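Q: To be precise about what I am sending: the file is called query18.cif and holds mmCIF, C-alpha atoms.
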data_input
#
loop_
_atom_site.label_atom_id
_atom_site.label_comp_id
_atom_site.auth_asym_id
_atom_site.auth_seq_id
_atom_site.Cartn_x
_atom_site.Cartn_y
_atom_site.Cartn_z
CA MET I 821 52.09 -169.83 219.98
CA ASN I 822 53.02 -169.69 216.31
CA SER I 823 51.64 -167.28 213.75
CA ARG I 824 49.21 -169.87 212.47
CA ASP I 825 47.54 -170.17 215.84
CA ALA I 826 47.73 -166.44 216.51
CA ARG I 827 45.57 -165.57 213.53
CA ARG I 828 42.79 -167.65 215.05
CA LEU I 829 42.44 -165.31 218.01
CA ASP I 830 41.12 -161.80 218.29
CA ALA I 831 42.94 -158.91 219.96
CA ALA I 832 41.67 -160.03 223.34
CA GLY I 833 42.99 -163.54 222.77
CA GLN I 834 39.55 -165.01 222.20
CA PRO I 835 38.95 -167.63 219.48
CA ILE I 836 37.48 -166.10 216.32
CA PRO I 837 34.46 -168.13 215.21
CA GLY I 838 35.03 -169.65 211.79
CA LEU I 839 38.81 -169.69 212.11
CA GLN I 840 38.88 -172.64 214.48
CA ILE I 841 38.35 -174.96 211.55
CA ASP I 842 40.28 -175.15 208.26
CA CYS I 843 38.97 -175.42 204.72
CA ILE I 844 40.63 -178.83 204.37
CA GLU I 845 38.48 -180.04 207.28
CA VAL I 846 35.30 -178.30 206.14
CA VAL I 847 35.25 -180.18 202.82
CA GLU I 848 35.28 -183.49 204.69
CA LEU I 849 32.47 -182.42 207.02
CA VAL I 850 30.11 -181.23 204.29
CA THR I 851 28.06 -184.42 204.22
CA ASP I 852 27.83 -184.67 208.00
CA TYR I 853 26.73 -181.04 207.92
CA LEU I 854 24.05 -181.64 205.28
CA GLU I 855 22.94 -184.81 207.08
CA ASP I 856 22.77 -182.95 210.38
CA ALA I 857 25.11 -185.54 211.88
CA ILE I 858 27.32 -183.11 213.80
CA ASP I 859 27.10 -181.49 217.20
CA GLN I 860 25.85 -177.94 217.52
CA ALA I 861 29.28 -176.47 218.31
CA THR I 862 30.75 -177.93 215.10
CA ARG I 863 27.72 -176.78 213.13
CA ASP I 864 28.13 -173.24 214.49
CA GLU I 865 31.82 -173.26 213.65
CA ILE I 866 31.21 -174.49 210.09
CA GLU I 867 28.55 -171.84 209.55
CA ALA I 868 30.86 -169.12 210.87
CA HIS I 869 33.57 -170.43 208.55
CA LEU I 870 31.23 -170.45 205.54
CA ALA I 871 30.31 -166.84 206.26
CA LEU I 872 34.00 -165.92 206.03
CA CYS I 873 35.11 -168.26 203.27
CA GLY I 874 33.76 -167.85 199.73
CA PRO I 875 35.49 -170.94 198.29
CA CYS I 876 34.07 -173.23 201.00
CA GLN I 877 30.63 -171.74 200.42
CA ILE I 878 31.02 -172.49 196.72
CA TYR I 879 32.14 -176.02 197.56
CA LEU I 880 29.04 -176.58 199.71
CA ASP I 881 26.79 -175.10 197.00
CA GLN I 882 28.36 -177.42 194.45
CA MET I 883 27.71 -180.47 196.63
CA ARG I 884 24.07 -179.39 196.86
CA THR I 885 23.98 -178.87 193.10
CA THR I 886 25.47 -182.33 192.54
CA ILE I 887 22.77 -183.87 194.73
CA ASP I 888 20.15 -181.96 192.77
CA VAL I 889 21.50 -183.21 189.44
CA LEU I 890 21.44 -186.77 190.79
CA GLY I 891 17.74 -186.31 191.50
CA HIS I 892 17.21 -185.94 187.75
CA VAL I 893 19.21 -188.92 186.55
CA PRO I 894 16.94 -191.38 184.71
CA VAL I 895 15.96 -194.50 186.64
CA GLU I 896 14.82 -197.96 185.67
CA THR I 897 11.44 -199.23 186.65
CA LEU I 898 9.21 -202.20 185.94
CA THR I 899 7.86 -202.57 182.44
CA ASP I 900 4.35 -201.32 181.76
CA GLN I 901 3.33 -204.94 181.22
CA ALA I 902 4.72 -206.02 184.60
CA LYS I 903 2.92 -203.14 186.32
CA ALA I 904 -0.34 -203.99 184.56
CA ASP I 905 0.04 -207.62 185.62
CA LEU I 906 0.55 -206.56 189.23
CA VAL I 907 -2.50 -204.33 189.22
CA ALA I 908 -4.49 -207.20 187.70
CA ALA I 909 -3.26 -209.51 190.46
CA PHE I 910 -4.30 -206.91 193.02
CA ARG I 911 -7.73 -206.64 191.42
CA ASP I 912 -8.24 -210.40 191.33
CA PHE I 913 -7.11 -210.89 194.88
CA ARG I 914 -8.92 -207.90 196.35
CA ALA I 915 -12.13 -208.24 194.38
CA PRO I 916 -15.16 -208.35 196.67
CA ASP I 917 -16.54 -211.85 196.68
CA THR I 918 -19.75 -211.34 194.73
CA THR I 919 -20.00 -214.83 193.31
CA SER I 920 -21.16 -216.54 196.46
CA GLY I 921 -24.16 -215.80 198.59
CA MET K 1245 5.06 -198.94 222.12
CA PRO K 1246 8.36 -200.79 221.76
CA ALA K 1247 11.25 -198.60 220.70
CA GLU K 1248 11.88 -200.49 217.47
CA ASP K 1249 8.37 -199.77 216.31
CA ALA K 1250 8.90 -196.09 216.84
CA THR K 1251 12.10 -196.30 214.83
CA THR K 1252 10.71 -198.14 211.87
CA GLU K 1253 7.65 -196.01 211.70
CA SER K 1254 9.69 -192.83 211.52
CA ASN K 1255 11.08 -193.79 208.12
CA VAL K 1256 8.34 -192.88 205.76
CA LEU K 1257 8.69 -190.02 203.38
CA SER K 1258 5.74 -188.01 202.26
CA THR K 1259 5.69 -189.62 198.86
CA VAL K 1260 2.27 -191.14 198.98
CA THR K 1261 0.57 -188.29 200.67
CA GLU K 1262 2.01 -185.76 198.25
CA HIS K 1263 1.41 -187.92 195.22
CA VAL K 1264 4.81 -187.28 193.78
CA VAL K 1265 7.46 -189.74 192.78
CA PRO K 1266 9.84 -189.78 195.71
CA ARG K 1267 12.79 -188.21 194.01
CA SER K 1268 12.83 -184.82 195.60
CA ARG K 1269 15.09 -184.91 198.58
CA THR K 1270 12.45 -184.12 201.08
CA PRO K 1271 14.10 -184.10 204.48
CA GLN K 1272 13.11 -187.11 206.46
CA MET K 1273 9.73 -186.14 207.72
CA GLU K 1274 7.83 -187.30 210.66
CA VAL K 1275 5.46 -189.99 209.59
CA ASP K 1276 2.02 -188.73 209.06
CA ARG K 1277 0.39 -191.77 210.56
CA SER K 1278 -3.08 -190.75 209.60
CA GLU K 1279 -2.03 -190.46 205.95
CA ASP K 1280 -0.48 -193.90 206.12
CA ALA K 1281 -3.65 -195.23 207.71
CA VAL K 1282 -5.60 -193.78 204.79
CA LEU K 1283 -3.32 -195.58 202.36
CA VAL K 1284 -3.77 -198.87 204.21
CA ALA K 1285 -7.52 -198.44 204.25
CA ARG K 1286 -7.61 -197.71 200.52
CA LEU K 1287 -5.43 -200.71 199.73
CA GLN K 1288 -7.43 -203.03 201.95
CA ALA K 1289 -10.63 -201.76 200.34
CA GLY K 1290 -9.26 -202.77 196.94
CA ASP K 1291 -8.48 -199.30 195.60
CA GLU K 1292 -6.56 -200.08 192.41
CA SER K 1293 -5.35 -196.54 191.86
CA ALA K 1294 -3.75 -196.47 195.30
CA PHE K 1295 -1.96 -199.73 194.56
CA ALA K 1296 -0.90 -198.60 191.07
CA HIS K 1297 0.41 -195.39 192.59
CA ILE K 1298 2.76 -197.05 195.07
CA VAL K 1299 3.89 -199.56 192.44
CA ASP K 1300 4.82 -196.61 190.22
CA ALA K 1301 6.40 -194.60 192.98
CA TRP K 1302 8.38 -197.26 194.81
CA SER K 1303 9.38 -199.83 192.18
CA PRO K 1304 12.44 -197.90 190.88
CA MET K 1305 14.07 -197.73 194.30
CA MET K 1306 12.98 -201.30 195.06
CA LEU K 1307 14.73 -202.46 191.89
CA ARG K 1308 17.87 -200.68 192.98
CA VAL K 1309 17.75 -202.31 196.42
CA ALA K 1310 16.95 -205.71 194.89
CA ARG K 1311 19.96 -205.37 192.61
CA THR K 1312 22.24 -205.37 195.66
CA PHE K 1313 21.20 -208.96 196.38
CA VAL K 1314 21.46 -210.44 192.89
CA SER K 1315 23.73 -210.10 189.91
CA THR K 1316 21.31 -209.46 187.08
CA ASP K 1317 18.62 -206.89 186.35
CA ALA K 1318 16.25 -209.71 185.41
CA SER K 1319 16.57 -211.28 188.87
CA ALA K 1320 16.01 -207.89 190.49
CA GLN K 1321 12.83 -207.42 188.44
CA GLU K 1322 11.59 -210.80 189.61
CA ILE K 1323 12.27 -209.96 193.25
CA VAL K 1324 10.32 -206.70 192.97
CA GLN K 1325 7.39 -208.43 191.27
CA GLU K 1326 7.40 -211.17 193.91
CA THR K 1327 7.47 -208.49 196.58
CA TRP K 1328 4.37 -206.79 195.20
CA LEU K 1329 2.57 -210.11 194.97
CA GLY K 1330 3.52 -210.69 198.61
CA VAL K 1331 2.06 -207.29 199.43
CA VAL K 1332 -1.17 -208.16 197.65
CA ARG K 1333 -1.48 -211.42 199.56
CA GLY K 1334 -0.40 -209.98 202.91
CA LEU K 1335 -2.49 -206.82 202.96
CA ASP K 1336 -5.26 -208.25 205.08
CA ARG K 1337 -2.79 -209.26 207.76
CA PHE K 1338 -1.02 -205.89 207.76
CA GLU K 1339 -1.74 -204.18 211.07
CA GLY K 1340 0.01 -200.88 210.59
CA ARG K 1341 2.66 -201.34 213.26
CA SER K 1342 5.16 -199.99 210.76
CA SER K 1343 4.52 -197.78 207.77
CA VAL K 1344 3.38 -199.46 204.57
CA ARG K 1345 6.64 -198.54 202.91
CA THR K 1346 8.74 -200.03 205.71
CA TRP K 1347 6.67 -203.20 205.50
CA VAL K 1348 7.09 -203.43 201.72
CA PHE K 1349 10.85 -203.00 201.99
CA ARG K 1350 11.05 -205.66 204.68
CA ILE K 1351 9.36 -208.12 202.33
CA LEU K 1352 11.73 -207.04 199.59
CA THR K 1353 14.91 -207.52 201.62
CA ASN K 1354 13.74 -210.89 202.92
CA LEU K 1355 13.08 -212.11 199.38
CA GLY K 1356 16.34 -210.56 198.21
CA LYS K 1357 18.40 -212.27 200.87
CA THR K 1358 16.85 -215.65 200.08
CA ARG K 1359 17.41 -215.15 196.38
CA GLY K 1360 20.93 -213.84 196.92
CA VAL K 1361 21.90 -216.93 198.89
CA ARG K 1362 20.46 -219.10 196.15
CA GLU K 1363 22.46 -217.25 193.50
CA ALA K 1364 25.52 -217.39 195.77
CA ARG K 1365 26.16 -213.72 195.32
CA THR K 1366 28.52 -212.64 198.04
CA VAL K 1367 29.20 -208.96 197.97
CA PRO K 1368 28.75 -207.83 201.54
CA LEU K 1369 27.78 -204.19 201.67
CA SER K 1370 28.13 -204.00 205.40
CA SER K 1371 31.87 -203.40 205.56
CA LEU K 1372 33.90 -200.62 204.00
CA SER K 1373 36.66 -201.39 201.53
CA PRO K 1374 39.91 -199.40 201.32
CA SER K 1375 38.59 -197.48 198.30
CA ASP K 1376 35.76 -196.25 200.49
CA THR K 1377 37.96 -194.81 203.21
CA ASP K 1378 41.35 -194.05 201.72
CA GLY K 1379 42.55 -190.50 201.87
CA PRO K 1380 40.90 -187.12 201.51
CA THR K 1381 38.10 -186.46 199.03
CA VAL K 1382 39.68 -183.25 197.77
CA ASP K 1383 43.21 -183.17 196.34
CA PRO K 1384 45.43 -181.93 199.22
CA SER K 1385 47.51 -179.87 196.77
CA ARG K 1386 44.56 -177.49 196.52
CA PHE K 1387 45.21 -176.38 200.11
CA ARG K 1388 48.05 -174.26 201.50
CA GLY K 1389 50.97 -176.03 203.10
CA ALA K 1390 51.95 -176.21 206.75
CA ASP K 1391 54.34 -173.23 206.48
CA ASP K 1392 51.66 -170.88 205.22
CA GLU K 1393 49.99 -168.52 207.67
CA TRP K 1394 46.68 -169.73 206.22
CA SER K 1395 47.77 -173.35 206.12
CA ASN K 1396 45.04 -175.84 205.19
CA GLY K 1397 43.05 -173.09 203.47
CA TRP K 1398 42.39 -173.12 199.73
CA THR K 1399 45.20 -171.91 197.49
CA PRO K 1400 44.21 -169.30 194.89
CA VAL K 1401 44.54 -171.87 192.10
CA GLY K 1402 42.89 -174.65 194.12
CA SER K 1403 39.81 -172.67 195.15
CA PRO K 1404 36.57 -173.94 193.64
CA ARG K 1405 35.06 -171.64 191.04
CA ALA K 1406 31.33 -171.03 190.80
CA TRP K 1407 29.72 -173.03 188.00
CA SER K 1408 28.33 -170.96 185.21
CA PRO K 1409 25.95 -171.32 183.53
CA SER K 1410 23.98 -173.24 186.13
CA PRO K 1411 23.53 -177.00 185.57
CA GLU K 1412 19.81 -176.32 185.13
CA ASP K 1413 20.57 -174.18 182.10
CA ALA K 1414 18.64 -175.75 179.25
CA ALA K 1415 21.71 -175.88 177.02
CA LEU K 1416 23.69 -177.91 179.56
CA ALA K 1417 21.17 -179.90 181.60
CA GLY K 1418 21.08 -182.99 179.38
CA GLU K 1419 24.83 -183.24 179.02
CA ILE K 1420 25.38 -182.68 182.73
CA ARG K 1421 22.92 -185.40 183.72
CA SER K 1422 24.59 -187.76 181.32
CA GLN K 1423 28.05 -186.94 182.74
CA VAL K 1424 26.84 -187.51 186.28
CA ALA K 1425 25.00 -190.72 185.35
CA THR K 1426 28.17 -192.10 183.77
CA ALA K 1427 30.34 -191.09 186.70
CA LEU K 1428 27.83 -192.66 189.08
CA GLN K 1429 28.22 -195.99 187.28
CA ASP K 1430 31.98 -195.71 187.68
CA LEU K 1431 31.87 -195.30 191.48
CA PRO K 1432 32.94 -198.24 193.67
CA GLU K 1433 29.91 -200.46 194.21
CA ARG K 1434 29.09 -199.47 197.80
CA GLN K 1435 29.31 -195.77 197.06
CA ARG K 1436 27.28 -196.19 193.90
CA THR K 1437 24.54 -198.03 195.77
CA VAL K 1438 24.28 -195.56 198.63
CA VAL K 1439 24.40 -192.46 196.40
CA SER K 1440 21.80 -193.99 194.07
CA LEU K 1441 19.39 -194.87 196.86
CA ARG K 1442 19.79 -191.56 198.66
CA ASP K 1443 20.16 -189.01 195.89
CA VAL K 1444 18.70 -190.61 192.78
CA HIS K 1445 15.82 -192.46 194.46
CA GLY K 1446 15.26 -190.19 197.44
CA MET K 1447 15.35 -192.83 200.18
CA SER K 1448 16.02 -191.64 203.71
CA ALA K 1449 19.28 -192.38 205.52
CA ASP K 1450 17.42 -194.68 207.90
CA GLU K 1451 15.85 -196.62 205.06
CA VAL K 1452 19.21 -197.08 203.34
CA CYS K 1453 20.87 -198.30 206.55
CA VAL K 1454 18.14 -200.89 207.04
CA ALA K 1455 17.99 -201.99 203.40
CA LEU K 1456 21.77 -202.40 203.11
CA ASP K 1457 22.38 -203.46 206.71
CA ILE K 1458 25.03 -200.80 207.25
CA SER K 1459 25.67 -198.44 210.15
CA PRO K 1460 24.66 -194.77 209.94
CA ALA K 1461 28.34 -193.77 210.11
CA ASN K 1462 29.28 -196.04 207.20
CA GLN K 1463 26.30 -194.83 205.23
CA ARG K 1464 27.58 -191.26 205.59
CA VAL K 1465 31.15 -192.19 204.64
CA LEU K 1466 29.96 -193.88 201.46
CA LEU K 1467 27.59 -191.04 200.63
CA HIS K 1468 30.29 -188.44 201.24
CA ARG K 1469 32.94 -190.11 199.09
CA GLY K 1470 30.50 -190.81 196.29
CA ARG K 1471 29.06 -187.30 196.23
CA ALA K 1472 32.52 -185.73 196.44
CA ARG K 1473 33.67 -187.76 193.43
CA LEU K 1474 30.62 -186.73 191.43
CA ARG K 1475 31.09 -183.06 192.37
CA GLU K 1476 34.62 -183.39 191.06
CA THR K 1477 33.27 -184.83 187.81
CA LEU K 1478 31.08 -181.78 187.35
CA GLU K 1479 33.97 -179.51 188.26
CA ASP K 1480 36.10 -181.16 185.55
CA TYR K 1481 33.25 -180.75 183.10
CA TYR K 1482 32.95 -177.03 183.86
CA ARG K 1483 36.70 -176.59 183.67
CA GLY K 1484 36.52 -177.97 180.15
CA LEU K 1485 33.81 -175.46 179.24
CA THR K 1486 35.78 -172.43 180.40
CA PRO K 1487 37.99 -170.80 177.82
CA VAL K 1488 41.55 -171.58 178.86
CA MET K 1489 43.12 -168.69 180.71
CA SER K 1490 46.70 -168.32 181.77
CA SER K 1491 47.42 -171.07 184.20
#
In structure tokens, how does this file's structure come out?
A:
Amino acid sequence: MNSRDARRLDAAGQPIPGLQIDCIEVVELVTDYLEDAIDQATRDEIEAHLALCGPCQIYLDQMRTTIDVLGHVPVETLTDQAKADLVAAFRDFRAPDTTSG
Amino acid sequence: MPAEDATTESNVLSTVTEHVVPRSRTPQMEVDRSEDAVLVARLQAGDESAFAHIVDAWSPMMLRVARTFVSTDASAQEIVQETWLGVVRGLDRFEGRSSVRTWVFRILTNLGKTRGVREARTVPLSSLSPSDTDGPTVDPSRFRGADDEWSNGWTPVGSPRAWSPSPEDAALAGEIRSQVATALQDLPERQRTVVSLRDVHGMSADEVCVALDISPANQRVLLHRGRARLRETLEDYYRGLTPVMSS
């Protein structure tokens, strides 16, 4: 076992949660994590890692912030005239038939 | 009930019931079927405000989906208008086996496909291009090398720094939105489409997979790469704000 693997284990030789995954892997799993598209063991490991690793926590926060900013980007929609025409079409088509009977 | 019905009916967000434009990233909620039934009943009874509400709430994301089938904004507008007219005409036959929103999007994608074939636009979204899968999303030089005891961890220089002031800060918010909007336009088309539908328009992952005919795994790859690129854009922006320190 090399030193890199050794630092992943505690004094009793047991894996230390959060050190079984590297930062370079965490950044590629962020979306799967946010989408809940990972198994529970991986989720637990990522959360243990985040608790130990400030920079990865910042990275995750910044992805969330980016998503939040995207939610405020202006969007295109139909013109007011087009919407009014659609509502008029709805009214004409749905109008109760009061002309007959 | 057939399995596919259960799947399609699980796609609805709470947009109508909450009377908000669906741009908050509400986690994909269980369909409140009774709320959807109320919407159907109001529409079938001729409730104009209910119709106007869903036209307002859903048209922006419908335009974005329509734009994947055709090459001009004008054609996309026509598809969305045709879709709503189809909704008006089809309401009486709608039996509520899917949610209203799922039904509307099905009409939209059918019209879009027909129109797209007519306009001979051939940009398949279903497969990933090299730019969508190549390499890591974070510069590998920001991580420690193989010889380091903490290999593959952030280097001191490479570590992300907290953003301050926050992007919601009134002095920055406008500029930050504009930076992100520009960077979004610069993303490769597939990433741009998925990030727009998910994060700008608030569609669910399931809805995006159906609308674009892509697998859940590909949807996540495109979302991940697009978001990572936009995070980097903001990081660059903040780096420019910070007074230059010794580097």
Q: Go through segment 1386-1444 of chain K and flag each residue having an atom no more than 10 Å from segment 872-885 of chain I; for those, report the closest pair of atoms plus their distance in Å to one decimal, using only C-alpha atoms, ordered by chain and rising number, as CSV.
A:
residue,atom,partner,partner_atom,distance
K:Gly1397,CA,I:Cys873,CA,9.3
K:Trp1398,CA,I:Pro875,CA,7.4
K:Thr1399,CA,I:Pro875,CA,9.8
K:Pro1400,CA,I:Pro875,CA,9.5
K:Gly1402,CA,I:Pro875,CA,9.3
K:Ser1403,CA,I:Pro875,CA,5.6
K:Pro1404,CA,I:Pro875,CA,5.6
K:Arg1405,CA,I:Ile878,CA,7.0
K:Ala1406,CA,I:Ile878,CA,6.1
K:Trp1407,CA,I:Gln882,CA,7.9
K:Ser1410,CA,I:Thr885,CA,9.0
K:Pro1411,CA,I:Thr885,CA,7.8
K:Glu1412,CA,I:Thr885,CA,9.3
Q: Name the residues that the PyMOL selection byres ((chain K) within 6 of (chain I)) picks from the file above, as number ranges by chain, using the file's chain letters and numbers.
A: K: 1267, 1290, 1303-1304, 1332, 1393, 1396-1397, 1403-1404, 1421, 1443-1444, 1468, 1475
Q: To one decimal in Å, tell me the separation between atom CA of Val1452 of chain K and atom CA of Phe1349 of chain K.
A: 10.3 Å
Q: Taking all listed atoms of segment 855-870 of chain I, build the axis-aligned box, pad each of the six sides by 3 Å, then write its centre and edge lengths in Å to one decimal as lines of an AutoDock Vina configuration file.
A:
center_x = 28.2
center_y = -177.3
center_z = 211.9
size_x = 16.8
size_y = 22.4
size_z = 18.8
Q: Which protein, DNA or RNA residues have an atom at most 12 Å from (31.8, -173.8, 217.0), counting only C-alpha atoms? List them as an NGL selection string.
A: :I and (835-841 or 858-870)
Q: Work out how far atom CA of Gln1325 of chain K is from atom CA of Ser1459 of chain K, in Å to one decimal.
A: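 Answer for the atom CA of Ser1459 of chain K to atom CA of Gln1325 of chain K separation: 28.1 Å.
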Q: For the structure provided, state which residues fall under the PyMOL selection byres ((chain K and resi 1283-1287) around 9), and present them as a ChimeraX atom specification.
A: /I:914 /K:1260-1261,1278-1282,1288-1295,1332,1335,1338-1340,1344
Q: Translate the PyMOL selection byres ((chain K and resi 1466) around 8) into a concrete residue list for this structure, as number ranges by chain.
A: K: 1376, 1434-1435, 1438-1439, 1462-1465, 1467-1470
Q: Rank K:Ala1296, K:Ala1449, K:Ser1440, K:Arg1483 by their smallest atom-to-atom distance to Ala1461 of chain K, using only C-alpha atoms, and report the top residue only.
A: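 Result for the nearest residue to Ala1461 of chain K: K:Ala1449.
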Q: Could you name the residues that touch Leu1428 of chain K at 8 Å or less, counting all atoms listed in the file, but leaving out those on the same chain fewer than 3 positions away, as a CSV table (one decimal) with C-alpha atoms, in the frame of the given file?
A:
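Contents of the output file part07.csv:
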chain,number,residue,atom,x,y,z
K,1424,VAL,CA,26.8,-187.5,186.3
K,1425,ALA,CA,25.0,-190.7,185.4
K,1431,LEU,CA,31.9,-195.3,191.5
K,1436,ARG,CA,27.3,-196.2,193.9
K,1440,SER,CA,21.8,-194.0,194.1
K,1470,GLY,CA,30.5,-190.8,196.3
K,1474,LEU,CA,30.6,-186.7,191.4
Q: As an exercise, work out the distance from atom CA of Ser1319 of chain K to atom CA of Arg1473 of chain K in Å and give it to one decimal place.
A: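 Between these atoms lies a distance of 29.4 Å.
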